[in-house]
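Read the structure below first, then the notes.
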Amino acid sequence: MSETITRFAPSPTGHLHVGGARTALFNWLLARQKGGRFVLRIEDTDAQRSSDEFTRAILSAMTWLKLDWDGEPVYQSQRLPLHREYIDKLLSEGQAYWCHCQAADLEERRRKALAAGGKPKYDGLCRDKNLGPAPGAVVRFRGPEGGETGWNDLIKGSVVFDNRELDDLIILRSDGLPTYNMAVVVDDVAMNITHIVRGDDHVNNTPRQIQLYRALGAPAPYFAHVPMILGADKTRLSKRHGATSVMAYKDMGYLPQALINYLARLGWSHGDQEIFSLDEMKQVFDLSHVGRSAGVFNPEKLNWLNSHYLKETPPDELAELVWPYLEPKGYARPDGAAMAKIMLTVHERGKTLTELAEKAEFYFQDLPTLDTKDAAKILTPENKALLREWMEVLRRPLGGGEFEALLRRVAEEKGVKPGAAAQPLRLAMTGRTASPGLDDILSILGPEKIRKRIEALL
């Protein structure tokens, strides 16, 4: 059996979006599960829309997601001589021909065909004229005029096209560049690609490409067309539904393992299991378990997964991940042990790294940002007096569990519940009424910061 070789072939005309990332993931999993190779090919032949910036962004996103590729990235723009060699082969064998039809004439003939109840396909005017190169001329593939072209899709099952529905495909444009369908077939043949996993928006390209494989005397790879990702309104996922770029999710504080886990489960299943590491997915991935229905992107499900992975991340690692979201604000970073201790107090209190940074920010501020609405409700004369008492009793460091005993005693003396006795102190320490446990907060801040914050609030 030949080695399984898959590829991911993005165009550097934009950032890597989540749909593309899922396609890359499925190709990566298939190759790794089979012990094969995963190739990254940058399809940068559209010089006007492609950019080095987008290429770097795609490579960065793939690296962040830990979808490593075998060998160096392949750049399609460097393979144009090979594409032209294969086009010349088809011309010499009579499987392609030069077409001199001009765009305006083509449009007029298509309009007349539609008006007569026909199909707006190329009418084959130049098919048998035996023309040669000329300014503005293109090369067309001589497709079969009858019969069917089909394949057994590894996700969709049997797919068949009537060849009469397909016109003679342009394979070389008038500017001398190969078209998409020709370039990808040549590259896939030359790179020995055995499996092509891609979005089902490519289904209409597949019969044309299969015909090109046959004309070149090359075996067609296995095809698997993955359903689209939809937004909540069941339309194709786009910016109006929220972020679609992989790196935008990184910037918002999502972990790569959470996004990968979510994208894998968005259309693929393995029993009832929801949480997978990349290694686990690699062991059990099977294209036959990819559904035929479109997946609906659910941000809440992604948040749930991200929250799970945040809780599972060791505090010292979490500190390294959260700090980049705090550092731009100019805060001084505590030592490693103190930073890890802070993370322990907040790691279950947010769904993203940005939320954790926001929840922990009061630790790093000289004085916490005060929620004025909470302050107006809580700073009664009685609670101001209570804060002065707290300032006296908290002049020394407290041992483990000592604050809880102290809180119960103060609450009993004041004839209030412990929560009520703690609220003005919590407001002074954090600027808000919801926070991690006060015992931990007081231990981390220390007596000097405690006194300073109470005085400032008073």
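Identifiers for the structure tokens are assigned positionally: chains receive A, B, ... in sequence, residues are indexed from 1 per chain, and ligands are indexed from 1 in the order shown.
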
**Request:** Mind listing the helix (DSSP H, G or I) residues of stretch 371-444 of chain A, per DSSP on the backbone, as an MDAnalysis selection string?
**Result:** chainID A and resid 372:378 381:393 402:414 418:430 438:444

**Request:** Name all residues at most 10 Å from A:Tyr122 (count only C-alpha atoms; drop same-chain ones fewer than 5 positions away) and give them as a list in words.
**Result:**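 Contacts, with the query itself left out: Cys101, Leu106, Glu107, Arg109, Arg110, Ala113, Arg127, Leu166, Asp167, Asp168, Leu169 and Ile170 of chain A.
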
Please save C-alpha atoms of the selected residues as a tab-separated table (two decimals), in the first residue's frame.
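File produced: part_30.tsv:
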chain	number	residue	atom	x	y	z
A	101	CYS	CA	-12.57	33.75	-28.51
A	106	LEU	CA	-18.19	34.75	-25.31
A	107	GLU	CA	-20.60	36.79	-23.21
A	109	ARG	CA	-22.96	33.77	-27.17
A	110	ARG	CA	-23.72	32.78	-23.58
A	113	ALA	CA	-27.72	30.35	-25.38
A	127	ARG	CA	-12.32	23.21	-30.42
A	166	LEU	CA	-19.25	20.69	-18.10
A	167	ASP	CA	-17.68	22.94	-20.73
A	168	ASP	CA	-14.10	22.97	-21.99
A	169	LEU	CA	-12.17	24.32	-19.03
A	170	ILE	CA	-9.59	27.09	-19.51

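With only C-alpha atoms as the atoms that count, the residue of A:Leu442, A:Ala218, A:Val203, A:Ile275 with the shortest distance to A:Val185 is A:Ala218.
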
**Two-atom distance - atom CA of A:Arg7, atom CA of A:Val197 (Å)** =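 Between atom CA of A:Arg7 and atom CA of A:Val197 the gap is 8.0 Å.
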
**Asked** Which of these residues is nearest to A:Ser435, using only C-alpha atoms: A:Lys359, A:Asn383, A:Asp371, A:Leu318?
**Response**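 Counting only C-alpha atoms, the residue closest to A:Ser435 is A:Lys359.
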
For A:Gly446, find every residue with an atom within 10 Å (counting only C-alpha atoms), except residues of its own chain fewer than 4 positions away, and show them as a PDB file with N, CA and C atoms, in the first residue's frame.
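And here's selection_36.pdb as it stands now:
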ATOM      1  N   LEU A 394      -5.736  43.790  60.610  1.00  0.00           N
ATOM      2  CA  LEU A 394      -4.967  43.196  59.511  1.00  0.00           C
ATOM      3  C   LEU A 394      -3.583  43.822  59.366  1.00  0.00           C
ATOM      4  N   ARG A 395      -3.046  44.366  60.456  1.00  0.00           N
ATOM      5  CA  ARG A 395      -1.724  44.981  60.404  1.00  0.00           C
ATOM      6  C   ARG A 395      -0.598  43.950  60.330  1.00  0.00           C
ATOM      7  N   ARG A 396      -0.891  42.700  60.643  1.00  0.00           N
ATOM      8  CA  ARG A 396       0.137  41.657  60.590  1.00  0.00           C
ATOM      9  C   ARG A 396      -0.314  40.558  59.625  1.00  0.00           C
ATOM     10  N   PRO A 397       0.632  39.817  59.075  1.00  0.00           N
ATOM     11  CA  PRO A 397       0.262  38.707  58.187  1.00  0.00           C
ATOM     12  C   PRO A 397      -0.562  37.657  58.932  1.00  0.00           C
ATOM     13  N   LEU A 398      -1.537  37.067  58.245  1.00  0.00           N
ATOM     14  CA  LEU A 398      -2.382  36.046  58.850  1.00  0.00           C
ATOM     15  C   LEU A 398      -1.935  34.656  58.390  1.00  0.00           C
ATOM     16  N   ILE A 441      -6.559  36.508  48.735  1.00  0.00           N
ATOM     17  CA  ILE A 441      -6.223  37.879  48.318  1.00  0.00           C
ATOM     18  C   ILE A 441      -5.358  38.568  49.369  1.00  0.00           C
ATOM     19  N   LEU A 442      -5.771  38.472  50.640  1.00  0.00           N
ATOM     20  CA  LEU A 442      -5.033  39.134  51.715  1.00  0.00           C
ATOM     21  C   LEU A 442      -3.640  38.551  51.856  1.00  0.00           C
ATOM     22  N   ILE A 450      -2.699  46.082  52.026  1.00  0.00           N
ATOM     23  CA  ILE A 450      -4.040  46.033  52.627  1.00  0.00           C
ATOM     24  C   ILE A 450      -4.360  47.377  53.276  1.00  0.00           C
ATOM     25  N   ARG A 451      -3.406  47.872  54.080  1.00  0.00           N
ATOM     26  CA  ARG A 451      -3.627  49.154  54.769  1.00  0.00           C
ATOM     27  C   ARG A 451      -3.813  50.289  53.761  1.00  0.00           C
TER      28      ARG A 451
END

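Using only C-alpha atoms, the smallest distance between any of A:Thr23, A:Gln273, A:Asn306, A:Thr194 and A:Tyr249 comes from A:Asn306.
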
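Shortest separation to A:Arg236 among A:Gly295, A:His100, A:Asn27, A:Ser51 occurs at residue A:Gly295, atoms counted being only C-alpha atoms.
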
**Asked** In Å, with one decimal, what is the gap from atom CA of A:Ala376 to atom CA of A:Phe362?
**Response**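 That distance, rounded to one decimal, is 19.4 Å.
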
**Request:** Any chance you could list, as a ChimeraX atom specification, the residues in stretch 2-152 of chain A that come up strand (DSSP E) when DSSP is run on the backbone?
**Result:** /A:5-8,37-42,74-75,96-99,138-141,148-152

**Item:** Selection near A:Ala428, 10 Å with only C-alpha atoms, sequence-local residues under 4 positions removed, as number ranges by chain
**Value:** A: 367-370, 375, 387, 423-424, 432-433, 450-458

**Item:** Spatial neighbours of stretch 258-272 of chain A, max dist 7 Å, only C-alpha atoms, sep filter under 6 positions, as number ranges by chain
**Value:** A: 22, 65, 289-291, 295, 302, 305-306, 309

**Request:** Find the residue from A:Lys282, A:Ser11, A:Leu90, A:Met62 that sits nearest to A:Tyr180; use only C-alpha atoms when measuring.
**Result:** A:Ser11

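Among the candidates A:Val160, A:Leu425, A:Cys126, A:Val18, the residue lying nearest to A:Ala385 is A:Leu425 (atoms considered: only C-alpha atoms).
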
**Prompt:** In Å, with one decimal, what is the gap from atom CA of A:Gly253 to atom CA of A:Leu356?
**Reply:**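 So the two atoms, atom CA of A:Gly253 and atom CA of A:Leu356, lie 8.9 Å apart.
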
**Message:** Need the shell around A:Gly132: protein/DNA/RNA residues with any atom at most 12 Å away, counting only C-alpha atoms. Skip same-chain ones fewer than 3 positions apart. Format as a PyMOL selection string?
**Reply:** chain A and resi 88+91-92+96-100+126-129+135-140

**Request:** Would you mind listing what lies within 12 Å of A:Ala421 as a ChimeraX atom specification, with only C-alpha atoms counted and same-chain residues fewer than 4 positions away left out?
**Result:** /A:378-379,382-387,389-390,404,406-417,425-427,438

Deliver the residues from the most recent selection as a file, using N, CA and C atoms, as a short mmCIF file (atom, residue, chain, number, x, y, z; two decimals), in the first residue's frame.
data_model
loop_
_atom_site.label_atom_id
_atom_site.label_comp_id
_atom_site.auth_asym_id
_atom_site.auth_seq_id
_atom_site.Cartn_x
_atom_site.Cartn_y
_atom_site.Cartn_z
N ILE A 378 -22.25 50.20 49.30
CA ILE A 378 -21.60 49.50 50.41
C ILE A 378 -21.02 50.47 51.44
N LEU A 379 -20.56 51.63 51.01
CA LEU A 379 -19.86 52.52 51.95
C LEU A 379 -20.83 53.31 52.83
N GLU A 382 -21.73 52.65 58.81
CA GLU A 382 -21.40 51.45 59.59
C GLU A 382 -20.24 50.68 58.93
N ASN A 383 -20.27 50.58 57.60
CA ASN A 383 -19.22 49.83 56.91
C ASN A 383 -17.89 50.60 56.88
N LYS A 384 -17.96 51.93 56.92
CA LYS A 384 -16.72 52.70 57.02
C LYS A 384 -16.06 52.44 58.38
N ALA A 385 -16.87 52.38 59.40
CA ALA A 385 -16.33 52.06 60.73
C ALA A 385 -15.75 50.65 60.73
N LEU A 386 -16.44 49.73 60.04
CA LEU A 386 -15.96 48.36 59.97
C LEU A 386 -14.62 48.29 59.24
N LEU A 387 -14.47 49.09 58.19
CA LEU A 387 -13.20 49.11 57.46
C LEU A 387 -12.06 49.58 58.36
N GLU A 389 -11.84 49.12 61.50
CA GLU A 389 -11.50 47.99 62.37
C GLU A 389 -10.67 46.96 61.61
N TRP A 390 -11.06 46.71 60.35
CA TRP A 390 -10.28 45.76 59.54
C TRP A 390 -8.83 46.24 59.38
N GLU A 404 -10.54 33.34 58.16
CA GLU A 404 -11.91 32.84 58.26
C GLU A 404 -12.40 32.90 59.69
N LEU A 406 -11.25 34.92 61.98
CA LEU A 406 -11.37 36.34 62.31
C LEU A 406 -12.65 36.92 61.72
N LEU A 407 -12.99 36.52 60.51
CA LEU A 407 -14.20 37.01 59.87
C LEU A 407 -15.45 36.59 60.65
N ARG A 408 -15.47 35.35 61.10
CA ARG A 408 -16.63 34.90 61.88
C ARG A 408 -16.76 35.69 63.18
N ARG A 409 -15.63 35.97 63.82
CA ARG A 409 -15.68 36.72 65.08
C ARG A 409 -16.18 38.15 64.85
N VAL A 410 -15.67 38.81 63.80
CA VAL A 410 -16.08 40.19 63.52
C VAL A 410 -17.57 40.23 63.17
N ALA A 411 -18.02 39.28 62.37
CA ALA A 411 -19.42 39.24 61.97
C ALA A 411 -20.31 39.04 63.18
N GLU A 412 -19.87 38.16 64.09
CA GLU A 412 -20.68 37.90 65.30
C GLU A 412 -20.76 39.15 66.17
N GLU A 413 -19.65 39.86 66.30
CA GLU A 413 -19.64 41.09 67.12
C GLU A 413 -20.56 42.15 66.53
N LYS A 414 -20.62 42.20 65.18
CA LYS A 414 -21.44 43.22 64.53
C LYS A 414 -22.88 42.78 64.33
N GLY A 415 -23.14 41.50 64.59
CA GLY A 415 -24.49 40.99 64.41
C GLY A 415 -24.91 40.90 62.96
N VAL A 416 -23.93 40.61 62.07
CA VAL A 416 -24.22 40.46 60.63
C VAL A 416 -23.68 39.12 60.15
N LYS A 417 -24.07 38.75 58.93
CA LYS A 417 -23.54 37.52 58.33
C LYS A 417 -22.10 37.76 57.89
N LEU A 425 -14.47 45.10 52.94
CA LEU A 425 -13.06 44.74 52.81
C LEU A 425 -12.76 44.26 51.38
N ARG A 426 -13.66 43.46 50.83
CA ARG A 426 -13.48 42.98 49.45
C ARG A 426 -13.44 44.16 48.47
N LEU A 427 -14.33 45.14 48.70
CA LEU A 427 -14.36 46.32 47.83
C LEU A 427 -13.04 47.08 47.92
N LEU A 438 -11.20 36.00 49.83
CA LEU A 438 -10.46 37.06 50.52
C LEU A 438 -9.23 36.53 51.25
#
